[in-house]
$ cat data02.cif   # mmCIF, C-alpha atoms
data_input
loop_
_atom_site.group_PDB
_atom_site.id
_atom_site.type_symbol
_atom_site.label_atom_id
_atom_site.label_comp_id
_atom_site.auth_asym_id
_atom_site.auth_seq_id
_atom_site.Cartn_x
_atom_site.Cartn_y
_atom_site.Cartn_z
ATOM 1 C CA MET A 1 -0.544 3.902 20.181
ATOM 2 C CA ALA A 2 1.878 6.562 18.977
ATOM 3 C CA GLU A 3 0.394 9.778 17.638
ATOM 4 C CA ILE A 4 2.009 12.444 15.488
ATOM 5 C CA HIS A 5 0.042 15.696 15.281
ATOM 6 C CA PRO A 6 1.340 18.142 12.654
ATOM 7 C CA ASP A 7 -0.915 20.939 13.961
ATOM 8 C CA SER A 8 1.022 23.888 12.609
ATOM 9 C CA ALA A 9 1.348 25.253 9.108
ATOM 10 C CA ALA A 10 4.956 24.066 9.058
ATOM 11 C CA ALA A 11 5.727 20.734 7.473
ATOM 12 C CA LEU A 12 6.474 17.755 9.662
ATOM 13 C CA GLY A 13 9.103 15.642 7.985
ATOM 14 C CA LEU A 14 9.661 12.100 9.179
ATOM 15 C CA THR A 15 11.621 9.518 7.253
ATOM 16 C CA ASP A 16 10.627 5.869 6.991
ATOM 17 C CA ALA A 17 13.596 5.020 9.234
ATOM 18 C CA GLU A 18 12.331 7.473 11.876
ATOM 19 C CA LEU A 19 8.842 5.985 11.674
ATOM 20 C CA ASP A 20 10.387 2.528 12.116
ATOM 21 C CA ARG A 21 11.471 3.580 15.625
ATOM 22 C CA VAL A 22 7.832 3.726 16.745
ATOM 23 C CA SER A 23 7.222 0.919 19.219
ATOM 24 C CA ALA A 24 3.426 1.211 19.554
ATOM 25 C CA GLY A 25 1.048 -1.192 17.802
ATOM 26 C CA THR A 26 -0.713 1.659 15.999
ATOM 27 C CA LEU A 27 0.862 4.744 14.444
ATOM 28 C CA VAL A 28 -1.503 7.718 13.981
ATOM 29 C CA ILE A 29 -0.428 10.650 11.806
ATOM 30 C CA GLY A 30 -2.763 13.600 12.235
ATOM 31 C CA GLY A 31 -5.798 12.860 14.360
ATOM 32 C CA PRO A 32 -9.437 13.829 14.919
ATOM 33 C CA ASN A 33 -8.507 17.444 15.717
ATOM 34 C CA HIS A 34 -6.027 17.922 12.882
ATOM 35 C CA THR A 35 -7.532 20.137 10.158
ATOM 36 C CA GLY A 36 -4.638 20.625 7.737
ATOM 37 C CA ASN A 37 -3.549 18.750 4.652
ATOM 38 C CA ILE A 38 -1.408 15.630 4.975
ATOM 39 C CA VAL A 39 0.913 14.801 2.077
ATOM 40 C CA ILE A 40 2.693 11.458 1.782
ATOM 41 C CA ASN A 41 5.948 12.258 0.010
ATOM 42 C CA GLY A 42 8.249 9.503 1.186
ATOM 43 C CA ALA A 43 8.167 5.718 1.439
ATOM 44 C CA VAL A 44 6.358 4.240 4.453
ATOM 45 C CA SER A 45 6.751 0.613 5.454
ATOM 46 C CA ALA A 46 5.650 -0.897 8.723
ATOM 47 C CA PRO A 47 8.352 -2.489 10.827
ATOM 48 C CA ALA A 48 7.541 -5.325 13.197
ATOM 49 C CA THR A 49 6.773 -2.744 15.894
ATOM 50 C CA TYR A 50 3.450 -1.451 14.545
ATOM 51 C CA SER A 51 0.777 -3.144 12.518
ATOM 52 C CA THR A 52 -1.656 -0.287 11.844
ATOM 53 C CA LEU A 53 -1.037 3.065 10.163
ATOM 54 C CA THR A 54 -3.797 5.667 10.543
ATOM 55 C CA VAL A 55 -3.634 8.946 8.612
ATOM 56 C CA GLN A 56 -6.412 11.307 9.698
ATOM 57 C CA THR A 57 -7.444 14.917 9.118
ATOM 58 C CA THR A 58 -10.754 16.770 9.391
ATOM 59 C CA GLY A 59 -12.300 20.030 8.205
ATOM 60 C CA ALA A 60 -10.885 21.202 4.889
ATOM 61 C CA GLY A 61 -7.831 18.955 5.223
ATOM 62 C CA THR A 62 -7.065 16.325 2.596
ATOM 63 C CA ILE A 63 -4.722 13.348 2.282
ATOM 64 C CA THR A 64 -2.654 13.244 -0.906
ATOM 65 C CA ASP A 65 0.607 11.852 -2.224
ATOM 66 C CA SER A 66 3.205 13.930 -3.983
ATOM 67 C CA ALA A 67 5.459 11.283 -5.458
ATOM 68 C CA ALA A 68 5.500 7.661 -6.520
ATOM 69 C CA VAL A 69 6.700 6.342 -3.163
ATOM 70 C CA ALA A 70 5.647 3.001 -1.702
ATOM 71 C CA VAL A 71 3.394 2.621 1.343
ATOM 72 C CA SER A 72 3.500 -0.931 2.705
ATOM 73 C CA VAL A 73 1.648 -1.772 5.938
ATOM 74 C CA PRO A 74 -0.490 -4.601 7.383
ATOM 75 C CA THR A 75 -3.488 -2.333 8.163
ATOM 76 C CA LEU A 76 -4.182 1.127 6.722
ATOM 77 C CA ASN A 77 -6.812 3.645 7.846
ATOM 78 C CA LEU A 78 -7.239 6.798 5.732
ATOM 79 C CA SER A 79 -9.639 9.415 7.065
ATOM 80 C CA ALA A 80 -10.147 12.890 5.583
ATOM 81 C CA THR A 81 -13.539 14.556 5.447
ATOM 82 C CA SER A 82 -12.551 16.632 2.405
ATOM 83 C CA GLY A 83 -11.069 13.852 0.310
ATOM 84 C CA ILE A 84 -8.282 11.345 -0.203
ATOM 85 C CA THR A 85 -6.164 11.144 -3.366
ATOM 86 C CA VAL A 86 -3.364 8.609 -3.547
ATOM 87 C CA ASP A 87 -2.762 8.243 -7.266
ATOM 88 C CA GLN A 88 1.028 8.044 -7.459
ATOM 89 C CA ALA A 89 2.149 6.043 -4.418
ATOM 90 C CA PRO A 90 1.613 2.282 -4.666
ATOM 91 C CA LEU A 91 -0.218 1.016 -1.581
ATOM 92 C CA ALA A 92 0.509 -2.525 -0.380
ATOM 93 C CA VAL A 93 -1.806 -3.516 2.469
ATOM 94 C CA SER A 94 -1.818 -7.136 3.577
ATOM 95 C CA GLY A 95 -4.803 -6.719 5.916
ATOM 96 C CA VAL A 96 -7.718 -4.273 5.847
ATOM 97 C CA THR A 97 -7.720 -0.810 4.274
ATOM 98 C CA THR A 98 -10.420 1.451 5.729
ATOM 99 C CA ILE A 99 -11.384 4.624 3.865
ATOM 100 C CA THR A 100 -13.380 7.443 5.457
ATOM 101 C CA ALA A 101 -13.675 10.339 2.997
ATOM 102 C CA GLY A 102 -16.849 11.957 4.381
ATOM 103 C CA ALA A 103 -18.428 14.067 1.631
ATOM 104 C CA GLY A 104 -15.118 14.102 -0.250
ATOM 105 C CA ASN A 105 -13.873 11.796 -2.970
ATOM 106 C CA ALA A 106 -11.515 8.877 -2.388
ATOM 107 C CA VAL A 107 -9.161 8.069 -5.253
ATOM 108 C CA LEU A 108 -6.700 5.206 -4.717
ATOM 109 C CA SER A 109 -5.841 4.683 -8.361
ATOM 110 C CA THR A 110 -2.187 3.685 -8.619
ATOM 111 C CA ALA A 111 -2.027 0.733 -11.028
ATOM 112 C CA THR A 112 0.405 -1.174 -8.771
ATOM 113 C CA ASN A 113 -1.730 -1.031 -5.602
ATOM 114 C CA ASN A 114 -2.095 -4.361 -3.834
ATOM 115 C CA PHE A 115 -4.991 -4.480 -1.376
ATOM 116 C CA ASN A 116 -6.411 -7.425 0.474
ATOM 117 C CA ARG A 117 -9.782 -6.104 1.724
ATOM 118 C CA VAL A 118 -11.094 -2.534 1.436
ATOM 119 C CA ASP A 119 -13.885 -1.080 3.599
ATOM 120 C CA VAL A 120 -15.381 2.289 2.627
ATOM 121 C CA VAL A 121 -16.997 3.957 5.643
ATOM 122 C CA SER A 122 -17.932 7.003 3.552
ATOM 123 C CA GLY A 123 -17.092 8.761 0.315
ATOM 124 C CA ASN A 124 -18.749 10.726 -2.466
ATOM 125 C CA ASP A 125 -17.014 9.269 -5.533
ATOM 126 C CA VAL A 126 -14.707 6.323 -4.770
ATOM 127 C CA THR A 127 -12.117 4.878 -7.171
ATOM 128 C CA LEU A 128 -10.105 1.764 -6.267
ATOM 129 C CA VAL A 129 -7.442 0.164 -8.456
ATOM 130 C CA ASP A 130 -5.632 -3.054 -7.530
ATOM 131 C CA SER A 131 -3.013 -4.945 -9.532
ATOM 132 C CA ASN A 132 -4.353 -8.249 -8.159
ATOM 133 C CA ALA A 133 -7.644 -9.492 -6.720
ATOM 134 C CA ILE A 134 -9.526 -7.271 -4.274
ATOM 135 C CA GLN A 135 -12.126 -8.086 -1.649
ATOM 136 C CA LEU A 136 -14.679 -5.404 -0.828
ATOM 137 C CA GLY A 137 -15.946 -5.167 2.721
ATOM 138 C CA ALA A 138 -18.704 -2.846 3.885
ATOM 139 C CA ALA A 139 -19.007 0.159 1.573
ATOM 140 C CA ASN A 140 -21.160 3.283 1.756
ATOM 141 C CA VAL A 141 -20.633 5.459 -1.325
ATOM 142 C CA THR A 142 -22.848 8.515 -1.794
ATOM 143 C CA ASN A 143 -22.352 8.879 -5.526
ATOM 144 C CA ASN A 144 -20.186 6.690 -7.821
ATOM 145 C CA LEU A 145 -18.015 3.624 -7.181
ATOM 146 C CA SER A 146 -15.354 2.393 -9.619
ATOM 147 C CA VAL A 147 -13.287 -0.735 -8.888
ATOM 148 C CA THR A 148 -10.607 -2.136 -11.196
ATOM 149 C CA ALA A 149 -8.736 -5.304 -10.224
ATOM 150 C CA VAL A 150 -7.944 -8.819 -11.386
ATOM 151 C CA GLY A 151 -10.940 -10.388 -9.687
ATOM 152 C CA ILE A 152 -13.420 -8.686 -7.358
ATOM 153 C CA THR A 153 -15.180 -10.386 -4.449
ATOM 154 C CA GLN A 154 -16.797 -9.208 -1.251
ATOM 155 C CA ASP A 155 -17.187 -10.364 2.316
ATOM 156 C CA ALA A 156 -20.607 -10.721 3.972
ATOM 157 C CA SER A 157 -20.974 -6.939 4.442
ATOM 158 C CA GLY A 158 -23.206 -4.952 2.125
ATOM 159 C CA ILE A 159 -22.221 -2.387 -0.482
ATOM 160 C CA THR A 160 -24.393 0.722 -0.859
ATOM 161 C CA VAL A 161 -23.827 3.012 -3.854
ATOM 162 C CA GLY A 162 -26.101 5.983 -4.570
ATOM 163 C CA GLY A 163 -24.876 6.562 -8.123
ATOM 164 C CA THR A 164 -23.221 4.478 -10.812
ATOM 165 C CA SER A 165 -21.166 1.365 -10.017
ATOM 166 C CA THR A 166 -18.412 0.274 -12.395
ATOM 167 C CA PHE A 167 -16.539 -3.000 -11.830
ATOM 168 C CA ASN A 168 -13.689 -4.222 -14.039
ATOM 169 C CA GLY A 169 -12.374 -7.624 -12.946
ATOM 170 C CA GLY A 170 -10.008 -8.100 -15.848
ATOM 171 C CA ALA A 171 -9.877 -11.752 -16.901
ATOM 172 C CA ALA A 172 -11.043 -12.913 -13.447
ATOM 173 C CA ALA A 173 -14.514 -13.222 -11.943
ATOM 174 C CA ILE A 174 -16.566 -10.518 -10.269
ATOM 175 C CA THR A 175 -18.621 -11.976 -7.424
ATOM 176 C CA LEU A 176 -20.828 -9.522 -5.522
ATOM 177 C CA THR A 177 -23.669 -11.624 -4.132
ATOM 178 C CA THR A 178 -24.421 -10.235 -0.673
ATOM 179 C CA ALA A 179 -28.201 -9.831 -0.300
ATOM 180 C CA THR A 180 -27.909 -6.401 1.351
ATOM 181 C CA ASN A 181 -26.069 -4.828 -1.601
ATOM 182 C CA ASP A 182 -27.811 -1.702 -2.890
ATOM 183 C CA PHE A 183 -26.568 -0.385 -6.220
ATOM 184 C CA GLY A 184 -28.659 2.758 -6.790
ATOM 185 C CA GLY A 185 -27.507 3.774 -10.256
ATOM 186 C CA ALA A 186 -26.858 1.872 -13.450
#
$ encode --input "data02.cif" --output "structure tokens"
Amino acid sequence: MAEIHPDSAAALGLTDAELDRVSAGTLVIGGPNHTGNIVINGAVSAPATYSTLTVQTTGAGTITDSAAVAVSVPTLNLSATSGITVDQAPLAVSGVTTITAGAGNAVLSTATNNFNRVDVVSGNDVTLVDSNAIQLGAANVTNNLSVTAVGITQDASGITVGGTSTFNGGAAAITLTTATNDFGGA
């Protein structure tokens, strides 16, 4: 595992080509002790050398994007206790996307996102947009969940939503039949 810890107030600038030089199976940007904001402002694509990208910050730190730049990886882990907003950069994740937003909101709303499966460990209000079909894994949403895709299914894990759940499957089916689902609001 390769770890990059931008622990100072100064910006850490790495290009996609520089990230491609990482030879570990997992690339971690930030970490459990990083408390600052992390901004994705350049394209990120996984080379054959790593299969998992983890972006993590704690405390008041957030994860955001600042431009419409592509992020394309097999596995993506986003963890920020104060919120995650990726509403400009299209995310293309061929494996599992795991979101841990703590008490913060998670907004992954770029219309050209392409997820395979999304797990939500935690989040207050969670918004997911996918240009194709999406599969929901385990989800624990304190308040509201909104999912827009062309077809919505889930694996055997349960979905728990404390507030309102909104699902828009476009012209395709929405199939959420796991017995342990708990949709608290309307």
$ atom_distance --input "data02.cif" --atom1 "atom CA of A:Gly104" --atom2 "atom CA of A:Gly123"
5.7 Å
$ resolve_selection --input "data02.cif" --expression "the PyMOL selection byres ((chain A and resi 115) around 9)" --output "list of chain:residue names"
A:Leu91, A:Ala92, A:Val93, A:Ser94, A:Gly95, A:Val96, A:Thr97, A:Asn113, A:Asn114, A:Asn116, A:Arg117, A:Val118, A:Val129, A:Asp130, A:Ser131, A:Asn132, A:Ala133, A:Ile134, A:Gln135
$ closest_residue --input "data02.cif" --among "A:Asn143, A:Ser157, A:Asn77, A:Thr85" --to "A:Val39" --atoms "only C-alpha atoms"
A:Thr85
$ closest_residue --input "data02.cif" --among "A:Ile63, A:Val120, A:Val28, A:Val107" --to "A:Ser82" --atoms "only C-alpha atoms"
A:Ile63
$ residues_around --input "data02.cif" --residues "stretch 109-111 of chain A" --least-positions-apart "4" --cutoff "7 Å" --atoms "all atoms listed in the file" --output "ChimeraX atom specification"
/A:86-90,127-131
$ write_last_selection --input "data02.cif" --atoms "C-alpha atoms" --output "PDB file, keeping the file's coordinate frame"
ATOM      1  CA  VAL A  86      -3.364   8.609  -3.547  1.00  0.00           C
ATOM      2  CA  ASP A  87      -2.762   8.243  -7.266  1.00  0.00           C
ATOM      3  CA  GLN A  88       1.028   8.044  -7.459  1.00  0.00           C
ATOM      4  CA  ALA A  89       2.149   6.043  -4.418  1.00  0.00           C
ATOM      5  CA  PRO A  90       1.613   2.282  -4.666  1.00  0.00           C
ATOM      6  CA  THR A 127     -12.117   4.878  -7.171  1.00  0.00           C
ATOM      7  CA  LEU A 128     -10.105   1.764  -6.267  1.00  0.00           C
ATOM      8  CA  VAL A 129      -7.442   0.164  -8.456  1.00  0.00           C
ATOM      9  CA  ASP A 130      -5.632  -3.054  -7.530  1.00  0.00           C
ATOM     10  CA  SER A 131      -3.013  -4.945  -9.532  1.00  0.00           C
TER      11      SER A 131
END
$ closest_residue --input "data02.cif" --among "A:Ile152, A:Ala60, A:Ile38, A:Ala70" --to "A:Gly137" --atoms "all atoms listed in the file"
A:Ile152
$ decode --input "data02.cif" --residues "stretch 62-166 of chain A" --atoms "C-alpha atoms" --output "mmCIF file, in the first residue's frame"
data_model
loop_
_atom_site.group_PDB
_atom_site.id
_atom_site.type_symbol
_atom_site.label_atom_id
_atom_site.label_comp_id
_atom_site.auth_asym_id
_atom_site.auth_seq_id
_atom_site.Cartn_x
_atom_site.Cartn_y
_atom_site.Cartn_z
ATOM 1 C CA THR A 62 -14.028 17.279 3.280
ATOM 2 C CA ILE A 63 -13.497 15.648 -0.112
ATOM 3 C CA THR A 64 -14.554 17.748 -3.101
ATOM 4 C CA ASP A 65 -13.794 18.172 -6.783
ATOM 5 C CA SER A 66 -12.935 21.476 -8.368
ATOM 6 C CA ALA A 67 -13.233 20.678 -12.048
ATOM 7 C CA ALA A 68 -14.868 18.269 -14.450
ATOM 8 C CA VAL A 69 -11.963 15.818 -14.494
ATOM 9 C CA ALA A 70 -12.369 12.058 -14.819
ATOM 10 C CA VAL A 71 -11.652 9.586 -12.015
ATOM 11 C CA SER A 72 -11.448 6.022 -13.335
ATOM 12 C CA VAL A 73 -10.451 3.188 -10.976
ATOM 13 C CA PRO A 74 -11.432 -0.443 -10.256
ATOM 14 C CA THR A 75 -12.208 0.192 -6.550
ATOM 15 C CA LEU A 76 -12.865 3.559 -4.890
ATOM 16 C CA ASN A 77 -13.094 4.326 -1.163
ATOM 17 C CA LEU A 78 -14.150 7.857 -0.160
ATOM 18 C CA SER A 79 -14.056 8.661 3.545
ATOM 19 C CA ALA A 80 -14.622 12.112 5.061
ATOM 20 C CA THR A 81 -16.465 12.612 8.325
ATOM 21 C CA SER A 82 -17.570 16.122 7.323
ATOM 22 C CA GLY A 83 -18.845 15.319 3.852
ATOM 23 C CA ILE A 84 -18.065 14.295 0.295
ATOM 24 C CA THR A 85 -19.095 16.316 -2.769
ATOM 25 C CA VAL A 86 -18.071 15.104 -6.201
ATOM 26 C CA ASP A 87 -20.510 16.856 -8.506
ATOM 27 C CA GLN A 88 -18.298 17.831 -11.438
ATOM 28 C CA ALA A 89 -15.841 14.961 -11.924
ATOM 29 C CA PRO A 90 -17.276 11.868 -13.614
ATOM 30 C CA LEU A 91 -16.479 8.767 -11.560
ATOM 31 C CA ALA A 92 -15.997 5.464 -13.395
ATOM 32 C CA VAL A 93 -15.611 2.574 -10.954
ATOM 33 C CA SER A 94 -15.686 -0.949 -12.338
ATOM 34 C CA GLY A 95 -15.758 -2.613 -8.905
ATOM 35 C CA VAL A 96 -17.060 -1.379 -5.549
ATOM 36 C CA THR A 97 -17.375 2.248 -4.447
ATOM 37 C CA THR A 98 -17.467 2.617 -0.655
ATOM 38 C CA ILE A 99 -18.676 5.890 0.860
ATOM 39 C CA THR A 100 -18.087 6.838 4.495
ATOM 40 C CA ALA A 101 -19.376 10.371 5.113
ATOM 41 C CA GLY A 102 -19.978 10.121 8.880
ATOM 42 C CA ALA A 103 -22.485 12.806 9.884
ATOM 43 C CA GLY A 104 -21.760 14.696 6.660
ATOM 44 C CA ASN A 105 -23.530 14.533 3.327
ATOM 45 C CA ALA A 106 -22.318 12.500 0.358
ATOM 46 C CA VAL A 107 -23.127 13.938 -3.060
ATOM 47 C CA LEU A 108 -21.870 12.002 -6.095
ATOM 48 C CA SER A 109 -24.130 13.658 -8.633
ATOM 49 C CA THR A 110 -22.247 13.976 -11.914
ATOM 50 C CA ALA A 111 -24.632 12.829 -14.660
ATOM 51 C CA THR A 112 -21.897 10.794 -16.398
ATOM 52 C CA ASN A 113 -20.888 8.718 -13.349
ATOM 53 C CA ASN A 114 -20.630 5.001 -14.029
ATOM 54 C CA PHE A 115 -20.689 2.863 -10.888
ATOM 55 C CA ASN A 116 -20.945 -0.872 -10.566
ATOM 56 C CA ARG A 117 -21.842 -1.350 -6.873
ATOM 57 C CA VAL A 118 -22.017 1.352 -4.188
ATOM 58 C CA ASP A 119 -21.843 0.678 -0.432
ATOM 59 C CA VAL A 120 -22.686 3.514 1.972
ATOM 60 C CA VAL A 121 -21.089 2.903 5.373
ATOM 61 C CA SER A 122 -22.477 6.197 6.699
ATOM 62 C CA GLY A 123 -23.895 9.504 5.551
ATOM 63 C CA ASN A 124 -26.509 12.066 6.523
ATOM 64 C CA ASP A 125 -28.017 12.906 3.122
ATOM 65 C CA VAL A 126 -26.711 10.745 0.257
ATOM 66 C CA THR A 127 -27.184 11.492 -3.455
ATOM 67 C CA LEU A 128 -26.003 9.041 -6.130
ATOM 68 C CA VAL A 129 -26.312 9.574 -9.880
ATOM 69 C CA ASP A 130 -25.268 6.972 -12.454
ATOM 70 C CA SER A 131 -25.539 7.161 -16.240
ATOM 71 C CA ASN A 132 -26.182 3.397 -16.379
ATOM 72 C CA ALA A 133 -27.513 0.750 -13.999
ATOM 73 C CA ILE A 134 -26.368 0.807 -10.374
ATOM 74 C CA GLN A 135 -26.286 -1.903 -7.735
ATOM 75 C CA LEU A 136 -26.649 -0.827 -4.116
ATOM 76 C CA GLY A 137 -24.787 -2.782 -1.474
ATOM 77 C CA ALA A 138 -25.115 -2.232 2.259
ATOM 78 C CA ALA A 139 -26.275 1.312 3.006
ATOM 79 C CA ASN A 140 -26.745 3.182 6.279
ATOM 80 C CA VAL A 141 -28.145 6.666 5.647
ATOM 81 C CA THR A 142 -29.150 8.794 8.635
ATOM 82 C CA ASN A 143 -31.488 11.120 6.783
ATOM 83 C CA ASN A 144 -32.334 11.089 3.037
ATOM 84 C CA LEU A 145 -31.234 8.855 0.152
ATOM 85 C CA SER A 146 -31.638 9.816 -3.516
ATOM 86 C CA VAL A 147 -30.551 7.456 -6.317
ATOM 87 C CA THR A 148 -30.889 8.217 -10.029
ATOM 88 C CA ALA A 149 -29.760 5.648 -12.600
ATOM 89 C CA VAL A 150 -30.966 3.583 -15.534
ATOM 90 C CA GLY A 151 -31.998 0.617 -13.421
ATOM 91 C CA ILE A 152 -31.445 0.146 -9.687
ATOM 92 C CA THR A 153 -30.836 -3.200 -7.990
ATOM 93 C CA GLN A 154 -29.226 -4.303 -4.763
ATOM 94 C CA ASP A 155 -27.134 -7.163 -3.475
ATOM 95 C CA ALA A 156 -28.171 -9.233 -0.442
ATOM 96 C CA SER A 157 -27.139 -6.481 2.013
ATOM 97 C CA GLY A 158 -29.772 -4.295 3.622
ATOM 98 C CA ILE A 159 -30.440 -0.607 3.074
ATOM 99 C CA THR A 160 -31.337 1.529 6.100
ATOM 100 C CA VAL A 161 -32.622 5.074 5.537
ATOM 101 C CA GLY A 162 -33.866 7.241 8.412
ATOM 102 C CA GLY A 163 -35.558 9.851 6.226
ATOM 103 C CA THR A 164 -36.991 9.965 2.727
ATOM 104 C CA SER A 165 -35.863 7.583 -0.029
ATOM 105 C CA THR A 166 -36.129 8.653 -3.664
#
